[in-house]
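To start, the structure under review is shown below, and the notes come after it.
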Amino acid sequence: MTGLYYEDLEVGEIIEHERRRTISESDNQRFCDLTMNQQPLHLDSEFAAETRFGERIVNGLYTMSLAVGISIPETTDGTIVANLSYDDVEHPAPVFHGDTIRAQSTVTEKRETSDGERGVVTMCVEVFNQHDELVCSFDRTVLSRKREHVDSQNET
């Protein structure tokens with residue numbers, strides 16, 4: 001377990017995630033297949049060549065999902081009760097096959113639950129390509145364990 005408990009997170013804190021991932025054509029194809037998303041902008045090079053992007057772009061939900069995975073070790077690995085929401089998702093720039101992405105999370109809000117045994121934490125996750133261009137951002141809200149109550153909680 002490498003995640004942080006509720007008490008460890010401070011509003012305004014920026015967490016740089018060390019993991020990076022170069023996205024392949026195969027990654028994008030498999031994600032589209034698994035989710036049954038057959039949008040030609042992601043899969044059809046002839047179609048995509050006629051768009052403003054000039055080539056296929058990576059499925060935005062894959063980019064977002066990958067960013068969540070990248071962020072877990074330094075934020076919620078082993079300390080989360082549940083993901084509560086993903087809000088304000090934006091894709092200001094496309095991701096292309098061969099792009100390498102990285103992410104950072106900024107703690108924007110936190111509050112204890114009414115019973116005081118857990119906490120609700122919201123983080124703004126920003127995703128950048130290899131040119132440090134913002135390609136995705138979203139708010140992730142989690143129900144986090146508190147260190148002082150971890151022995152009495154049965155959630156996994």
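Each chain in the structure tokens gets a letter, A, B, ..., in the order shown, and its residues are numbered from 1; ligands are numbered from 1 in order too.
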Within 12 Å of segment 4-16 of chain A using only C-alpha atoms, minus same-chain residues under 5 positions, as a PDB file with N, CA, C and O atoms, in the first residue's frame:
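Ended up saving to result.pdb:
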```pdb
ATOM      1  N   ALA A  67      -5.181   7.949 -16.723  1.00  0.00           N
ATOM      2  CA  ALA A  67      -4.749   8.947 -15.736  1.00  0.00           C
ATOM      3  C   ALA A  67      -5.163   8.544 -14.325  1.00  0.00           C
ATOM      4  O   ALA A  67      -4.397   8.730 -13.375  1.00  0.00           O
ATOM      5  N   ILE A  70      -2.713   5.882 -13.309  1.00  0.00           N
ATOM      6  CA  ILE A  70      -1.404   6.484 -13.037  1.00  0.00           C
ATOM      7  C   ILE A  70      -1.389   7.145 -11.663  1.00  0.00           C
ATOM      8  O   ILE A  70      -0.394   7.115 -10.951  1.00  0.00           O
ATOM      9  N   SER A  71      -2.517   7.742 -11.274  1.00  0.00           N
ATOM     10  CA  SER A  71      -2.571   8.518 -10.032  1.00  0.00           C
ATOM     11  C   SER A  71      -2.745   7.674  -8.770  1.00  0.00           C
ATOM     12  O   SER A  71      -2.434   8.127  -7.667  1.00  0.00           O
ATOM     13  N   ILE A  72      -3.206   6.453  -8.898  1.00  0.00           N
ATOM     14  CA  ILE A  72      -3.567   5.653  -7.727  1.00  0.00           C
ATOM     15  C   ILE A  72      -2.406   5.389  -6.759  1.00  0.00           C
ATOM     16  O   ILE A  72      -2.578   5.540  -5.546  1.00  0.00           O
ATOM     17  N   PRO A  73      -1.210   4.999  -7.219  1.00  0.00           N
ATOM     18  CA  PRO A  73      -0.162   4.671  -6.242  1.00  0.00           C
ATOM     19  C   PRO A  73       0.141   5.788  -5.242  1.00  0.00           C
ATOM     20  O   PRO A  73       0.345   5.510  -4.056  1.00  0.00           O
ATOM     21  N   GLU A  74       0.169   7.032  -5.695  1.00  0.00           N
ATOM     22  CA  GLU A  74       0.516   8.132  -4.784  1.00  0.00           C
ATOM     23  C   GLU A  74      -0.690   8.775  -4.099  1.00  0.00           C
ATOM     24  O   GLU A  74      -0.527   9.685  -3.297  1.00  0.00           O
ATOM     25  N   THR A  75      -1.908   8.302  -4.403  1.00  0.00           N
ATOM     26  CA  THR A  75      -3.079   8.919  -3.783  1.00  0.00           C
ATOM     27  C   THR A  75      -3.922   7.938  -2.979  1.00  0.00           C
ATOM     28  O   THR A  75      -4.061   8.095  -1.769  1.00  0.00           O
ATOM     29  N   THR A  76      -4.480   6.911  -3.605  1.00  0.00           N
ATOM     30  CA  THR A  76      -5.511   6.120  -2.936  1.00  0.00           C
ATOM     31  C   THR A  76      -5.244   4.621  -2.858  1.00  0.00           C
ATOM     32  O   THR A  76      -6.119   3.873  -2.430  1.00  0.00           O
ATOM     33  N   ASP A  77      -4.056   4.165  -3.215  1.00  0.00           N
ATOM     34  CA  ASP A  77      -3.763   2.739  -3.202  1.00  0.00           C
ATOM     35  C   ASP A  77      -3.847   2.191  -1.776  1.00  0.00           C
ATOM     36  O   ASP A  77      -3.025   2.509  -0.919  1.00  0.00           O
ATOM     37  N   GLY A  78      -4.878   1.404  -1.507  1.00  0.00           N
ATOM     38  CA  GLY A  78      -5.053   0.791  -0.194  1.00  0.00           C
ATOM     39  C   GLY A  78      -5.717   1.666   0.851  1.00  0.00           C
ATOM     40  O   GLY A  78      -5.961   1.214   1.966  1.00  0.00           O
ATOM     41  N   THR A  79      -6.003   2.912   0.514  1.00  0.00           N
ATOM     42  CA  THR A  79      -6.600   3.822   1.504  1.00  0.00           C
ATOM     43  C   THR A  79      -7.990   4.302   1.100  1.00  0.00           C
ATOM     44  O   THR A  79      -8.614   5.066   1.829  1.00  0.00           O
ATOM     45  N   ILE A  80      -8.481   3.847  -0.020  1.00  0.00           N
ATOM     46  CA  ILE A  80      -9.780   4.301  -0.522  1.00  0.00           C
ATOM     47  C   ILE A  80     -10.879   3.343  -0.074  1.00  0.00           C
ATOM     48  O   ILE A  80     -10.663   2.139   0.035  1.00  0.00           O
ATOM     49  N   VAL A  81     -12.041   3.903   0.218  1.00  0.00           N
ATOM     50  CA  VAL A  81     -13.239   3.100   0.449  1.00  0.00           C
ATOM     51  C   VAL A  81     -13.984   2.974  -0.874  1.00  0.00           C
ATOM     52  O   VAL A  81     -14.409   1.897  -1.266  1.00  0.00           O
ATOM     53  N   ARG A 102       1.551  11.948 -18.727  1.00  0.00           N
ATOM     54  CA  ARG A 102       1.843  11.965 -17.299  1.00  0.00           C
ATOM     55  C   ARG A 102       0.691  12.691 -16.626  1.00  0.00           C
ATOM     56  O   ARG A 102      -0.110  13.356 -17.296  1.00  0.00           O
ATOM     57  N   ALA A 103       0.606  12.590 -15.315  1.00  0.00           N
ATOM     58  CA  ALA A 103      -0.506  13.220 -14.602  1.00  0.00           C
ATOM     59  C   ALA A 103      -0.031  13.841 -13.291  1.00  0.00           C
ATOM     60  O   ALA A 103       1.008  13.473 -12.745  1.00  0.00           O
ATOM     61  N   GLN A 104      -0.818  14.786 -12.822  1.00  0.00           N
ATOM     62  CA  GLN A 104      -0.626  15.349 -11.488  1.00  0.00           C
ATOM     63  C   GLN A 104      -2.002  15.568 -10.881  1.00  0.00           C
ATOM     64  O   GLN A 104      -2.978  15.822 -11.587  1.00  0.00           O
ATOM     65  N   SER A 105      -2.077  15.432  -9.567  1.00  0.00           N
ATOM     66  CA  SER A 105      -3.323  15.625  -8.836  1.00  0.00           C
ATOM     67  C   SER A 105      -3.151  16.762  -7.843  1.00  0.00           C
ATOM     68  O   SER A 105      -2.148  16.818  -7.138  1.00  0.00           O
ATOM     69  N   THR A 106      -4.144  17.642  -7.799  1.00  0.00           N
ATOM     70  CA  THR A 106      -4.156  18.722  -6.823  1.00  0.00           C
ATOM     71  C   THR A 106      -5.360  18.525  -5.910  1.00  0.00           C
ATOM     72  O   THR A 106      -6.495  18.406  -6.384  1.00  0.00           O
ATOM     73  N   VAL A 107      -5.118  18.449  -4.604  1.00  0.00           N
ATOM     74  CA  VAL A 107      -6.207  18.303  -3.641  1.00  0.00           C
ATOM     75  C   VAL A 107      -6.951  19.637  -3.586  1.00  0.00           C
ATOM     76  O   VAL A 107      -6.359  20.673  -3.267  1.00  0.00           O
ATOM     77  N   THR A 108      -8.232  19.616  -3.918  1.00  0.00           N
ATOM     78  CA  THR A 108      -9.007  20.859  -3.973  1.00  0.00           C
ATOM     79  C   THR A 108     -10.018  21.005  -2.833  1.00  0.00           C
ATOM     80  O   THR A 108     -10.374  22.123  -2.475  1.00  0.00           O
ATOM     81  N   GLU A 109     -10.468  19.880  -2.288  1.00  0.00           N
ATOM     82  CA  GLU A 109     -11.437  19.932  -1.177  1.00  0.00           C
ATOM     83  C   GLU A 109     -11.279  18.696  -0.320  1.00  0.00           C
ATOM     84  O   GLU A 109     -10.908  17.643  -0.811  1.00  0.00           O
ATOM     85  N   LYS A 110     -11.606  18.833   0.960  1.00  0.00           N
ATOM     86  CA  LYS A 110     -11.700  17.680   1.838  1.00  0.00           C
ATOM     87  C   LYS A 110     -12.593  18.010   3.017  1.00  0.00           C
ATOM     88  O   LYS A 110     -12.645  19.148   3.464  1.00  0.00           O
ATOM     89  N   ARG A 111     -13.321  16.979   3.460  1.00  0.00           N
ATOM     90  CA  ARG A 111     -14.183  17.129   4.630  1.00  0.00           C
ATOM     91  C   ARG A 111     -14.403  15.759   5.245  1.00  0.00           C
ATOM     92  O   ARG A 111     -14.369  14.744   4.560  1.00  0.00           O
ATOM     93  N   GLU A 112     -14.601  15.759   6.546  1.00  0.00           N
ATOM     94  CA  GLU A 112     -14.896  14.505   7.232  1.00  0.00           C
ATOM     95  C   GLU A 112     -16.333  14.095   6.964  1.00  0.00           C
ATOM     96  O   GLU A 112     -17.203  14.942   6.726  1.00  0.00           O
ATOM     97  N   THR A 113     -16.593  12.804   7.030  1.00  0.00           N
ATOM     98  CA  THR A 113     -17.973  12.327   6.942  1.00  0.00           C
ATOM     99  C   THR A 113     -18.685  12.671   8.253  1.00  0.00           C
ATOM    100  O   THR A 113     -18.042  13.004   9.256  1.00  0.00           O
ATOM    101  N   GLY A 116     -17.410  11.044  11.232  1.00  0.00           N
ATOM    102  CA  GLY A 116     -16.021  11.351  11.539  1.00  0.00           C
ATOM    103  C   GLY A 116     -15.042  10.215  11.308  1.00  0.00           C
ATOM    104  O   GLY A 116     -13.861  10.342  11.608  1.00  0.00           O
ATOM    105  N   GLU A 117     -15.530   9.105  10.756  1.00  0.00           N
ATOM    106  CA  GLU A 117     -14.664   7.938  10.594  1.00  0.00           C
ATOM    107  C   GLU A 117     -13.965   7.870   9.238  1.00  0.00           C
ATOM    108  O   GLU A 117     -13.043   7.077   9.061  1.00  0.00           O
ATOM    109  N   ARG A 118     -14.387   8.674   8.295  1.00  0.00           N
ATOM    110  CA  ARG A 118     -13.796   8.702   6.963  1.00  0.00           C
ATOM    111  C   ARG A 118     -13.768  10.149   6.494  1.00  0.00           C
ATOM    112  O   ARG A 118     -14.240  11.042   7.172  1.00  0.00           O
ATOM    113  N   GLY A 119     -13.235  10.340   5.293  1.00  0.00           N
ATOM    114  CA  GLY A 119     -13.228  11.678   4.728  1.00  0.00           C
ATOM    115  C   GLY A 119     -13.520  11.647   3.242  1.00  0.00           C
ATOM    116  O   GLY A 119     -13.236  10.665   2.553  1.00  0.00           O
ATOM    117  N   VAL A 120     -14.091  12.718   2.758  1.00  0.00           N
ATOM    118  CA  VAL A 120     -14.360  12.889   1.334  1.00  0.00           C
ATOM    119  C   VAL A 120     -13.303  13.846   0.795  1.00  0.00           C
ATOM    120  O   VAL A 120     -13.141  14.953   1.321  1.00  0.00           O
ATOM    121  N   VAL A 121     -12.579  13.409  -0.223  1.00  0.00           N
ATOM    122  CA  VAL A 121     -11.496  14.197  -0.799  1.00  0.00           C
ATOM    123  C   VAL A 121     -11.740  14.365  -2.292  1.00  0.00           C
ATOM    124  O   VAL A 121     -12.043  13.400  -2.983  1.00  0.00           O
ATOM    125  N   THR A 122     -11.599  15.607  -2.766  1.00  0.00           N
ATOM    126  CA  THR A 122     -11.683  15.880  -4.196  1.00  0.00           C
ATOM    127  C   THR A 122     -10.323  16.335  -4.682  1.00  0.00           C
ATOM    128  O   THR A 122      -9.673  17.173  -4.050  1.00  0.00           O
ATOM    129  N   MET A 123      -9.905  15.731  -5.795  1.00  0.00           N
ATOM    130  CA  MET A 123      -8.626  16.072  -6.424  1.00  0.00           C
ATOM    131  C   MET A 123      -8.882  16.442  -7.879  1.00  0.00           C
ATOM    132  O   MET A 123      -9.657  15.766  -8.552  1.00  0.00           O
ATOM    133  N   CYS A 124      -8.241  17.490  -8.347  1.00  0.00           N
ATOM    134  CA  CYS A 124      -8.254  17.824  -9.764  1.00  0.00           C
ATOM    135  C   CYS A 124      -7.073  17.095 -10.397  1.00  0.00           C
ATOM    136  O   CYS A 124      -5.923  17.327 -10.021  1.00  0.00           O
ATOM    137  N   VAL A 125      -7.363  16.199 -11.328  1.00  0.00           N
ATOM    138  CA  VAL A 125      -6.323  15.445 -12.019  1.00  0.00           C
ATOM    139  C   VAL A 125      -6.097  16.102 -13.376  1.00  0.00           C
ATOM    140  O   VAL A 125      -7.039  16.301 -14.140  1.00  0.00           O
ATOM    141  N   GLU A 126      -4.851  16.452 -13.647  1.00  0.00           N
ATOM    142  CA  GLU A 126      -4.484  17.042 -14.932  1.00  0.00           C
ATOM    143  C   GLU A 126      -3.542  16.101 -15.652  1.00  0.00           C
ATOM    144  O   GLU A 126      -2.632  15.547 -15.048  1.00  0.00           O
ATOM    145  N   VAL A 127      -3.780  15.938 -16.949  1.00  0.00           N
ATOM    146  CA  VAL A 127      -3.014  15.007 -17.764  1.00  0.00           C
ATOM    147  C   VAL A 127      -2.295  15.801 -18.850  1.00  0.00           C
ATOM    148  O   VAL A 127      -2.907  16.622 -19.538  1.00  0.00           O
ATOM    149  N   PHE A 128      -0.996  15.538 -19.003  1.00  0.00           N
ATOM    150  CA  PHE A 128      -0.170  16.267 -19.960  1.00  0.00           C
ATOM    151  C   PHE A 128       0.503  15.288 -20.915  1.00  0.00           C
ATOM    152  O   PHE A 128       0.844  14.167 -20.522  1.00  0.00           O
ATOM    153  N   VAL A 142     -13.251  10.991  -3.843  1.00  0.00           N
ATOM    154  CA  VAL A 142     -13.130   9.666  -3.232  1.00  0.00           C
ATOM    155  C   VAL A 142     -13.560   9.703  -1.774  1.00  0.00           C
ATOM    156  O   VAL A 142     -13.486  10.737  -1.115  1.00  0.00           O
ATOM    157  N   LEU A 143     -13.990   8.550  -1.300  1.00  0.00           N
ATOM    158  CA  LEU A 143     -14.232   8.350   0.125  1.00  0.00           C
ATOM    159  C   LEU A 143     -12.977   7.684   0.659  1.00  0.00           C
ATOM    160  O   LEU A 143     -12.610   6.576   0.244  1.00  0.00           O
ATOM    161  N   SER A 144     -12.291   8.366   1.547  1.00  0.00           N
ATOM    162  CA  SER A 144     -10.968   7.960   2.005  1.00  0.00           C
ATOM    163  C   SER A 144     -11.008   7.471   3.447  1.00  0.00           C
ATOM    164  O   SER A 144     -11.745   8.000   4.282  1.00  0.00           O
ATOM    165  N   ARG A 145     -10.190   6.483   3.722  1.00  0.00           N
ATOM    166  CA  ARG A 145     -10.044   5.998   5.089  1.00  0.00           C
ATOM    167  C   ARG A 145      -9.253   7.012   5.912  1.00  0.00           C
ATOM    168  O   ARG A 145      -8.399   7.720   5.392  1.00  0.00           O
ATOM    169  N   LYS A 146      -9.561   7.044   7.203  1.00  0.00           N
ATOM    170  CA  LYS A 146      -8.762   7.829   8.142  1.00  0.00           C
ATOM    171  C   LYS A 146      -7.875   6.840   8.890  1.00  0.00           C
ATOM    172  O   LYS A 146      -8.314   5.758   9.272  1.00  0.00           O
ATOM    173  N   ARG A 147      -6.652   7.203   9.079  1.00  0.00           N
ATOM    174  CA  ARG A 147      -5.668   6.328   9.710  1.00  0.00           C
ATOM    175  C   ARG A 147      -6.148   5.856  11.086  1.00  0.00           C
ATOM    176  O   ARG A 147      -6.036   4.683  11.432  1.00  0.00           O
ATOM    177  N   GLU A 148      -6.714   6.771  11.851  1.00  0.00           N
ATOM    178  CA  GLU A 148      -7.106   6.434  13.227  1.00  0.00           C
ATOM    179  C   GLU A 148      -8.256   5.432  13.288  1.00  0.00           C
ATOM    180  O   GLU A 148      -8.473   4.819  14.328  1.00  0.00           O
ATOM    181  N   HIS A 149      -8.986   5.243  12.169  1.00  0.00           N
ATOM    182  CA  HIS A 149     -10.121   4.315  12.168  1.00  0.00           C
ATOM    183  C   HIS A 149      -9.889   3.090  11.293  1.00  0.00           C
ATOM    184  O   HIS A 149     -10.788   2.280  11.131  1.00  0.00           O
ATOM    185  N   VAL A 150      -8.707   2.933  10.757  1.00  0.00           N
ATOM    186  CA  VAL A 150      -8.475   1.855   9.798  1.00  0.00           C
ATOM    187  C   VAL A 150      -8.678   0.477  10.404  1.00  0.00           C
ATOM    188  O   VAL A 150      -9.177  -0.412   9.745  1.00  0.00           O
TER     189      VAL A 150
END
```
message: as a PyMOL selection string, please: every residue in chain A that DSSP puts in alpha helix (DSSP H).
response: chain A and resi 25-35+40-43+45-49+60-75
I need the residues from that last selection saved to file as a tab-separated table (two decimals), in the first residue's frame (with C-alpha atoms), if you can.
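Wrote it out as out.tsv, contents follow:
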```tsv
chain	number	residue	atom	x	y	z
A	25	GLU	CA	-2.35	2.09	-31.44
A	26	SER	CA	-3.02	-1.31	-29.87
A	27	ASP	CA	-3.97	0.28	-26.51
A	28	ASN	CA	-6.51	2.51	-28.23
A	29	GLN	CA	-7.89	-0.32	-30.39
A	30	ARG	CA	-8.30	-2.69	-27.42
A	31	PHE	CA	-10.02	-0.03	-25.30
A	32	CYS	CA	-12.44	0.78	-28.12
A	33	ASP	CA	-13.13	-2.94	-28.64
A	34	LEU	CA	-13.69	-3.60	-24.93
A	35	THR	CA	-16.07	-0.66	-24.58
A	40	PRO	CA	-14.26	6.15	-36.67
A	41	LEU	CA	-12.23	9.09	-35.37
A	42	HIS	CA	-10.47	6.56	-33.11
A	43	LEU	CA	-10.30	3.60	-35.49
A	45	SER	CA	-7.38	6.30	-40.51
A	46	GLU	CA	-9.06	7.32	-43.79
A	47	PHE	CA	-11.97	8.92	-41.93
A	48	ALA	CA	-9.70	10.62	-39.39
A	49	ALA	CA	-7.44	12.00	-42.16
A	60	GLY	CA	-10.72	10.33	-24.45
A	61	LEU	CA	-12.17	7.90	-21.94
A	62	TYR	CA	-9.04	5.79	-22.27
A	63	THR	CA	-6.90	8.84	-21.55
A	64	MET	CA	-8.99	9.61	-18.47
A	65	SER	CA	-8.98	5.99	-17.26
A	66	LEU	CA	-5.23	5.74	-17.73
A	67	ALA	CA	-4.75	8.95	-15.74
A	68	VAL	CA	-6.77	7.50	-12.86
A	69	GLY	CA	-4.57	4.40	-12.91
A	70	ILE	CA	-1.40	6.48	-13.04
A	71	SER	CA	-2.57	8.52	-10.03
A	72	ILE	CA	-3.57	5.65	-7.73
A	73	PRO	CA	-0.16	4.67	-6.24
A	74	GLU	CA	0.52	8.13	-4.78
A	75	THR	CA	-3.08	8.92	-3.78
```
Every residue of chain A that DSSP places in strand (DSSP E), as a PyMOL selection string: chain A and resi 14-16+21-22+80-90+100-112+118-128+134-145
File dump, residues just selected, N, CA and C atoms, as a compact mmCIF listing (two decimals), in the first residue's frame:
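New file part03.txt:
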```
# COMPACT_ATOMS: atom_id res chain seq x y z
N ILE A 14 -0.09 19.57 -4.36
CA ILE A 14 0.05 19.05 -5.72
C ILE A 14 0.89 17.78 -5.65
N ILE A 15 0.34 16.71 -6.19
CA ILE A 15 1.02 15.42 -6.19
C ILE A 15 1.42 15.09 -7.63
N GLU A 16 2.71 15.07 -7.88
CA GLU A 16 3.24 14.70 -9.20
C GLU A 16 3.35 13.18 -9.26
N ARG A 21 3.13 6.89 -19.44
CA ARG A 21 2.73 5.81 -20.35
C ARG A 21 2.68 6.34 -21.77
N THR A 22 3.36 5.64 -22.67
CA THR A 22 3.26 5.93 -24.09
C THR A 22 2.10 5.11 -24.63
N ILE A 80 -8.48 3.85 -0.02
CA ILE A 80 -9.78 4.30 -0.52
C ILE A 80 -10.88 3.34 -0.07
N VAL A 81 -12.04 3.90 0.22
CA VAL A 81 -13.24 3.10 0.45
C VAL A 81 -13.98 2.97 -0.87
N ALA A 82 -14.12 4.11 -1.60
CA ALA A 82 -14.83 4.10 -2.88
C ALA A 82 -14.53 5.36 -3.67
N ASN A 83 -14.58 5.25 -4.99
CA ASN A 83 -14.64 6.42 -5.86
C ASN A 83 -16.08 6.90 -5.83
N LEU A 84 -16.28 8.17 -5.59
CA LEU A 84 -17.64 8.71 -5.51
C LEU A 84 -18.09 9.39 -6.80
N SER A 85 -17.16 10.10 -7.46
CA SER A 85 -17.56 10.76 -8.70
C SER A 85 -16.36 11.22 -9.50
N TYR A 86 -16.63 11.42 -10.78
CA TYR A 86 -15.70 12.06 -11.72
C TYR A 86 -16.49 13.19 -12.34
N ASP A 87 -16.01 14.41 -12.17
CA ASP A 87 -16.76 15.58 -12.62
C ASP A 87 -15.88 16.50 -13.45
N ASP A 88 -16.55 17.40 -14.16
CA ASP A 88 -15.87 18.45 -14.92
C ASP A 88 -14.76 17.92 -15.82
N VAL A 89 -15.08 16.87 -16.56
CA VAL A 89 -14.10 16.26 -17.47
C VAL A 89 -13.93 17.14 -18.70
N GLU A 90 -12.70 17.43 -19.03
CA GLU A 90 -12.39 18.22 -20.22
C GLU A 90 -11.24 17.59 -20.98
N THR A 100 3.16 10.27 -25.04
CA THR A 100 3.46 9.81 -23.69
C THR A 100 2.79 10.76 -22.73
N ILE A 101 1.96 10.21 -21.85
CA ILE A 101 1.23 11.07 -20.92
C ILE A 101 1.74 10.88 -19.49
N ARG A 102 1.55 11.95 -18.73
CA ARG A 102 1.84 11.97 -17.30
C ARG A 102 0.69 12.69 -16.63
N ALA A 103 0.61 12.59 -15.31
CA ALA A 103 -0.51 13.22 -14.60
C ALA A 103 -0.03 13.84 -13.29
N GLN A 104 -0.82 14.79 -12.82
CA GLN A 104 -0.63 15.35 -11.49
C GLN A 104 -2.00 15.57 -10.88
N SER A 105 -2.08 15.43 -9.57
CA SER A 105 -3.32 15.62 -8.84
C SER A 105 -3.15 16.76 -7.84
N THR A 106 -4.14 17.64 -7.80
CA THR A 106 -4.16 18.72 -6.82
C THR A 106 -5.36 18.53 -5.91
N VAL A 107 -5.12 18.45 -4.60
CA VAL A 107 -6.21 18.30 -3.64
C VAL A 107 -6.95 19.64 -3.59
N THR A 108 -8.23 19.62 -3.92
CA THR A 108 -9.01 20.86 -3.97
C THR A 108 -10.02 21.01 -2.83
N GLU A 109 -10.47 19.88 -2.29
CA GLU A 109 -11.44 19.93 -1.18
C GLU A 109 -11.28 18.70 -0.32
N LYS A 110 -11.61 18.83 0.96
CA LYS A 110 -11.70 17.68 1.84
C LYS A 110 -12.59 18.01 3.02
N ARG A 111 -13.32 16.98 3.46
CA ARG A 111 -14.18 17.13 4.63
C ARG A 111 -14.40 15.76 5.24
N GLU A 112 -14.60 15.76 6.55
CA GLU A 112 -14.90 14.50 7.23
C GLU A 112 -16.33 14.10 6.96
N ARG A 118 -14.39 8.67 8.30
CA ARG A 118 -13.80 8.70 6.96
C ARG A 118 -13.77 10.15 6.49
N GLY A 119 -13.23 10.34 5.29
CA GLY A 119 -13.23 11.68 4.73
C GLY A 119 -13.52 11.65 3.24
N VAL A 120 -14.09 12.72 2.76
CA VAL A 120 -14.36 12.89 1.33
C VAL A 120 -13.30 13.85 0.80
N VAL A 121 -12.58 13.41 -0.22
CA VAL A 121 -11.50 14.20 -0.80
C VAL A 121 -11.74 14.37 -2.29
N THR A 122 -11.60 15.61 -2.77
CA THR A 122 -11.68 15.88 -4.20
C THR A 122 -10.32 16.34 -4.68
N MET A 123 -9.91 15.73 -5.79
CA MET A 123 -8.63 16.07 -6.42
C MET A 123 -8.88 16.44 -7.88
N CYS A 124 -8.24 17.49 -8.35
CA CYS A 124 -8.25 17.82 -9.76
C CYS A 124 -7.07 17.09 -10.40
N VAL A 125 -7.36 16.20 -11.33
CA VAL A 125 -6.32 15.45 -12.02
C VAL A 125 -6.10 16.10 -13.38
N GLU A 126 -4.85 16.45 -13.65
CA GLU A 126 -4.48 17.04 -14.93
C GLU A 126 -3.54 16.10 -15.65
N VAL A 127 -3.78 15.94 -16.95
CA VAL A 127 -3.01 15.01 -17.76
C VAL A 127 -2.30 15.80 -18.85
N PHE A 128 -1.00 15.54 -19.00
CA PHE A 128 -0.17 16.27 -19.96
C PHE A 128 0.50 15.29 -20.92
N LEU A 134 -1.67 20.35 -21.82
CA LEU A 134 -2.79 19.76 -21.10
C LEU A 134 -3.72 19.06 -22.09
N VAL A 135 -3.94 17.75 -21.90
CA VAL A 135 -4.79 17.00 -22.82
C VAL A 135 -6.07 16.50 -22.16
N CYS A 136 -6.13 16.53 -20.84
CA CYS A 136 -7.34 16.09 -20.13
C CYS A 136 -7.27 16.62 -18.71
N SER A 137 -8.43 16.93 -18.16
CA SER A 137 -8.52 17.28 -16.74
C SER A 137 -9.88 16.86 -16.23
N PHE A 138 -9.93 16.53 -14.95
CA PHE A 138 -11.19 16.12 -14.33
C PHE A 138 -11.04 16.17 -12.82
N ASP A 139 -12.18 16.25 -12.15
CA ASP A 139 -12.21 16.18 -10.69
C ASP A 139 -12.57 14.76 -10.29
N ARG A 140 -11.80 14.20 -9.39
CA ARG A 140 -12.04 12.86 -8.86
C ARG A 140 -12.33 12.99 -7.37
N THR A 141 -13.50 12.52 -6.95
CA THR A 141 -13.89 12.58 -5.54
C THR A 141 -13.92 11.17 -4.98
N VAL A 142 -13.25 10.99 -3.84
CA VAL A 142 -13.13 9.67 -3.23
C VAL A 142 -13.56 9.70 -1.77
N LEU A 143 -13.99 8.55 -1.30
CA LEU A 143 -14.23 8.35 0.13
C LEU A 143 -12.98 7.68 0.66
N SER A 144 -12.29 8.37 1.55
CA SER A 144 -10.97 7.96 2.00
C SER A 144 -11.01 7.47 3.45
N ARG A 145 -10.19 6.48 3.72
CA ARG A 145 -10.04 6.00 5.09
C ARG A 145 -9.25 7.01 5.91
```
Separating atom CA of Ile23 of chain A from atom CA of Asp99 of chain A, to the nearest tenth of an Å, is a gap of 5.8 Å
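A straight line drawn from atom CA of His97 of chain A to atom CA of Arg19 of chain A is 17.9 Å long.
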